[in-house]
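Visitor: Once you've had a glance at the structure underneath, I'll fire off some questions.
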Amino acid sequence: MNAKSHPDWSRIPRVAVDSSVLAAFFLDEPGVAPLEHLKHKLQLPFVSICELLYIVTRKKNRAYADQCFGLIKSWGAPILHSTEESILAASRLKSQYGLGLGDAFIAATSLCFRLPLLTYDTDYLPLAKEIQLFGVE
């Protein structure tokens, strides 16, 4: 992860969230975006949630991962699933930028739903011409 930088959230109507941000939030890392205050803006790629749950399970335990999932569901933020368009975009992004499959699907979701992406993962930096990135420099 690189330095965390955050925009003026009042100017951003919706944002896709990468698993790196969710994990930082639930693992109480310093400088993380205030997700509980942004819940009305969040759009959650299904892969971000899946990655969060396995990261939290490994670093803490399964019971805590289940609590995280319950809190996420209570936010009421939409969970964005793959579409035919995002499957094709993910395969292109993976082949063009060498992303992992999960990151390729998260990026494709952001791209196909026309959402900026909040991430702390520098692997996304090469996509900055295709996707508006927040949180990483």
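Lettering and numbering for the structure tokens are positional, with chains as A, B, ... in the shown order, residues counted from 1 in each chain, and ligands counted from 1 in the shown order.
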Which neighbours of Cys50 of chain A fall inside 10 Å, counting only C-alpha atoms, when residues of the same chain fewer than 3 positions from it are skipped, and could you give them as a list of chain:residue names?
Guide: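 Residues near the query, excluding close chain neighbours: A:Ser19, A:Pro45, A:Phe46, A:Val47, A:Leu53, A:Tyr54, A:Ile55, A:Phe69, A:Gly102.
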Visitor: For N, CA and C atoms, I'd like the residues from the last selection saved as a PDB file, in the first residue's frame.
Guide:
```pdb
ATOM      1  N   SER A  19     -10.905  -4.127  -2.183  1.00  0.00           N
ATOM      2  CA  SER A  19     -10.707  -4.899  -0.946  1.00  0.00           C
ATOM      3  C   SER A  19      -9.609  -4.324  -0.063  1.00  0.00           C
ATOM      4  N   PRO A  45     -17.957  -4.048  -5.382  1.00  0.00           N
ATOM      5  CA  PRO A  45     -17.758  -5.197  -6.259  1.00  0.00           C
ATOM      6  C   PRO A  45     -17.748  -6.483  -5.428  1.00  0.00           C
ATOM      7  N   PHE A  46     -18.424  -7.511  -5.909  1.00  0.00           N
ATOM      8  CA  PHE A  46     -18.518  -8.745  -5.128  1.00  0.00           C
ATOM      9  C   PHE A  46     -17.147  -9.313  -4.797  1.00  0.00           C
ATOM     10  N   VAL A  47     -16.170  -9.136  -5.685  1.00  0.00           N
ATOM     11  CA  VAL A  47     -14.827  -9.663  -5.435  1.00  0.00           C
ATOM     12  C   VAL A  47     -14.163  -8.928  -4.264  1.00  0.00           C
ATOM     13  N   LEU A  53     -13.192 -10.902   3.095  1.00  0.00           N
ATOM     14  CA  LEU A  53     -13.528 -11.976   4.025  1.00  0.00           C
ATOM     15  C   LEU A  53     -12.387 -12.970   4.194  1.00  0.00           C
ATOM     16  N   TYR A  54     -11.674 -13.304   3.112  1.00  0.00           N
ATOM     17  CA  TYR A  54     -10.563 -14.233   3.315  1.00  0.00           C
ATOM     18  C   TYR A  54      -9.372 -13.555   3.990  1.00  0.00           C
ATOM     19  N   ILE A  55      -9.152 -12.266   3.728  1.00  0.00           N
ATOM     20  CA  ILE A  55      -8.060 -11.544   4.394  1.00  0.00           C
ATOM     21  C   ILE A  55      -8.322 -11.457   5.894  1.00  0.00           C
ATOM     22  N   PHE A  69     -18.951  -8.879   7.423  1.00  0.00           N
ATOM     23  CA  PHE A  69     -19.943  -9.046   6.367  1.00  0.00           C
ATOM     24  C   PHE A  69     -21.312  -8.540   6.822  1.00  0.00           C
ATOM     25  N   GLY A 102      -8.734 -11.263  -9.318  1.00  0.00           N
ATOM     26  CA  GLY A 102      -9.617 -10.480  -8.457  1.00  0.00           C
ATOM     27  C   GLY A 102      -9.527  -8.997  -8.762  1.00  0.00           C
TER      28      GLY A 102
END
```
Visitor: Tell me, as a list in words, which residues lie within 9 Å of Val32 of chain A, counting only C-alpha atoms; anything in the same chain fewer than 2 positions away does not count.
Guide: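 The residues that qualify are Lys4, Ser5, His6, Val21, Leu22, Ala24, Phe25, Asp28, Glu29, Pro30, Pro34, Leu35 and Gly135 of chain A.
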Visitor: As a PyMOL selection string, please: every residue in chain A that DSSP puts in helix (DSSP H, G or I).
Guide: chain A and resi 9-11+19-26+35-38+46-59+62-75+84-97+101-112+122-127
Visitor: How would the residues just picked look written out with C-alpha atoms as a PDB file, in the first residue's frame?
Guide:
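Produced file result_30.pdb, reproduced below:
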```pdb
ATOM      1  CA  TRP A   9     -16.073  13.237  -0.647  1.00  0.00           C
ATOM      2  CA  SER A  10     -18.889  15.792  -1.017  1.00  0.00           C
ATOM      3  CA  ARG A  11     -18.050  16.055  -4.731  1.00  0.00           C
ATOM      4  CA  SER A  19     -10.707  -4.899  -0.946  1.00  0.00           C
ATOM      5  CA  SER A  20      -7.542  -3.073   0.173  1.00  0.00           C
ATOM      6  CA  VAL A  21      -9.702  -0.252   1.547  1.00  0.00           C
ATOM      7  CA  LEU A  22     -12.225  -2.598   3.148  1.00  0.00           C
ATOM      8  CA  ALA A  23      -9.423  -4.607   4.790  1.00  0.00           C
ATOM      9  CA  ALA A  24      -7.691  -1.457   6.054  1.00  0.00           C
ATOM     10  CA  PHE A  25     -10.993  -0.265   7.525  1.00  0.00           C
ATOM     11  CA  PHE A  26     -11.861  -3.521   9.278  1.00  0.00           C
ATOM     12  CA  LEU A  35     -16.397   4.116   5.195  1.00  0.00           C
ATOM     13  CA  GLU A  36     -19.142   4.183   7.798  1.00  0.00           C
ATOM     14  CA  HIS A  37     -19.760   7.856   6.900  1.00  0.00           C
ATOM     15  CA  LEU A  38     -19.565   7.167   3.151  1.00  0.00           C
ATOM     16  CA  PHE A  46     -18.518  -8.745  -5.128  1.00  0.00           C
ATOM     17  CA  VAL A  47     -14.827  -9.663  -5.435  1.00  0.00           C
ATOM     18  CA  SER A  48     -13.884  -6.894  -2.972  1.00  0.00           C
ATOM     19  CA  ILE A  49     -16.131  -8.480  -0.370  1.00  0.00           C
ATOM     20  CA  CYS A  50     -14.837 -11.986  -1.082  1.00  0.00           C
ATOM     21  CA  GLU A  51     -11.217 -10.823  -0.783  1.00  0.00           C
ATOM     22  CA  LEU A  52     -12.011  -8.903   2.419  1.00  0.00           C
ATOM     23  CA  LEU A  53     -13.528 -11.976   4.025  1.00  0.00           C
ATOM     24  CA  TYR A  54     -10.563 -14.233   3.315  1.00  0.00           C
ATOM     25  CA  ILE A  55      -8.060 -11.544   4.394  1.00  0.00           C
ATOM     26  CA  VAL A  56      -9.880 -10.922   7.681  1.00  0.00           C
ATOM     27  CA  THR A  57     -10.294 -14.650   8.285  1.00  0.00           C
ATOM     28  CA  ARG A  58      -6.539 -15.168   7.858  1.00  0.00           C
ATOM     29  CA  LYS A  59      -5.521 -12.147   9.964  1.00  0.00           C
ATOM     30  CA  ARG A  62     -13.880 -16.441  10.702  1.00  0.00           C
ATOM     31  CA  ALA A  63     -16.217 -15.072  13.366  1.00  0.00           C
ATOM     32  CA  TYR A  64     -14.801 -11.571  12.881  1.00  0.00           C
ATOM     33  CA  ALA A  65     -15.091 -11.947   9.083  1.00  0.00           C
ATOM     34  CA  ASP A  66     -18.761 -12.830   9.552  1.00  0.00           C
ATOM     35  CA  GLN A  67     -19.222  -9.690  11.701  1.00  0.00           C
ATOM     36  CA  CYS A  68     -17.578  -7.594   8.962  1.00  0.00           C
ATOM     37  CA  PHE A  69     -19.943  -9.046   6.367  1.00  0.00           C
ATOM     38  CA  GLY A  70     -22.926  -8.327   8.600  1.00  0.00           C
ATOM     39  CA  LEU A  71     -21.843  -4.706   9.024  1.00  0.00           C
ATOM     40  CA  ILE A  72     -21.312  -4.304   5.283  1.00  0.00           C
ATOM     41  CA  LYS A  73     -24.798  -5.657   4.608  1.00  0.00           C
ATOM     42  CA  SER A  74     -26.245  -3.235   7.194  1.00  0.00           C
ATOM     43  CA  TRP A  75     -24.802  -0.304   5.222  1.00  0.00           C
ATOM     44  CA  GLU A  84     -21.101 -10.114 -19.578  1.00  0.00           C
ATOM     45  CA  GLU A  85     -19.497  -6.715 -20.178  1.00  0.00           C
ATOM     46  CA  SER A  86     -17.393  -6.918 -17.005  1.00  0.00           C
ATOM     47  CA  ILE A  87     -16.257 -10.483 -17.804  1.00  0.00           C
ATOM     48  CA  LEU A  88     -14.921  -9.285 -21.154  1.00  0.00           C
ATOM     49  CA  ALA A  89     -13.382  -6.161 -19.572  1.00  0.00           C
ATOM     50  CA  ALA A  90     -11.733  -8.193 -16.782  1.00  0.00           C
ATOM     51  CA  SER A  91     -10.104 -10.528 -19.281  1.00  0.00           C
ATOM     52  CA  ARG A  92      -8.793  -7.544 -21.273  1.00  0.00           C
ATOM     53  CA  LEU A  93      -7.496  -5.765 -18.167  1.00  0.00           C
ATOM     54  CA  LYS A  94      -5.818  -8.917 -16.859  1.00  0.00           C
ATOM     55  CA  SER A  95      -4.084  -9.555 -20.146  1.00  0.00           C
ATOM     56  CA  GLN A  96      -3.171  -5.903 -20.809  1.00  0.00           C
ATOM     57  CA  TYR A  97      -2.016  -4.903 -17.317  1.00  0.00           C
ATOM     58  CA  LEU A 101      -7.936 -12.069 -11.493  1.00  0.00           C
ATOM     59  CA  GLY A 102      -9.617 -10.480  -8.457  1.00  0.00           C
ATOM     60  CA  ASP A 103      -8.111  -7.056  -9.187  1.00  0.00           C
ATOM     61  CA  ALA A 104      -9.071  -7.396 -12.852  1.00  0.00           C
ATOM     62  CA  PHE A 105     -12.718  -8.001 -11.873  1.00  0.00           C
ATOM     63  CA  ILE A 106     -12.728  -5.114  -9.398  1.00  0.00           C
ATOM     64  CA  ALA A 107     -11.246  -2.787 -12.036  1.00  0.00           C
ATOM     65  CA  ALA A 108     -13.678  -4.074 -14.673  1.00  0.00           C
ATOM     66  CA  THR A 109     -16.602  -3.472 -12.332  1.00  0.00           C
ATOM     67  CA  SER A 110     -15.442   0.097 -11.767  1.00  0.00           C
ATOM     68  CA  LEU A 111     -14.984   0.608 -15.493  1.00  0.00           C
ATOM     69  CA  CYS A 112     -18.270  -0.980 -16.611  1.00  0.00           C
ATOM     70  CA  THR A 122      -0.625   0.443  -6.283  1.00  0.00           C
ATOM     71  CA  ASP A 123      -1.232  -2.397  -8.763  1.00  0.00           C
ATOM     72  CA  TYR A 124      -4.082  -0.277 -10.127  1.00  0.00           C
ATOM     73  CA  LEU A 125      -1.907   2.746 -10.967  1.00  0.00           C
ATOM     74  CA  PRO A 126      -1.306   1.701 -14.605  1.00  0.00           C
ATOM     75  CA  LEU A 127      -5.103   1.872 -15.116  1.00  0.00           C
TER      76      LEU A 127
END
```
Visitor: In terms of the shortest atom-to-atom distance over only C-alpha atoms, which of A:Ala128, A:Val17, A:Leu80, A:Leu99 is closest to Lys41 of chain A?
Guide: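 Ranking A:Ala128, A:Val17, A:Leu80, A:Leu99 by distance to Lys41 of chain A, first place goes to A:Val17.
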Visitor: Go through chain A and collect every residue that DSSP, computed from the backbone, puts in strand (DSSP E); the answer should be as an MDAnalysis selection string.
Guide: chainID A and resid 15:17 42:45 79:80 117:118 133:134
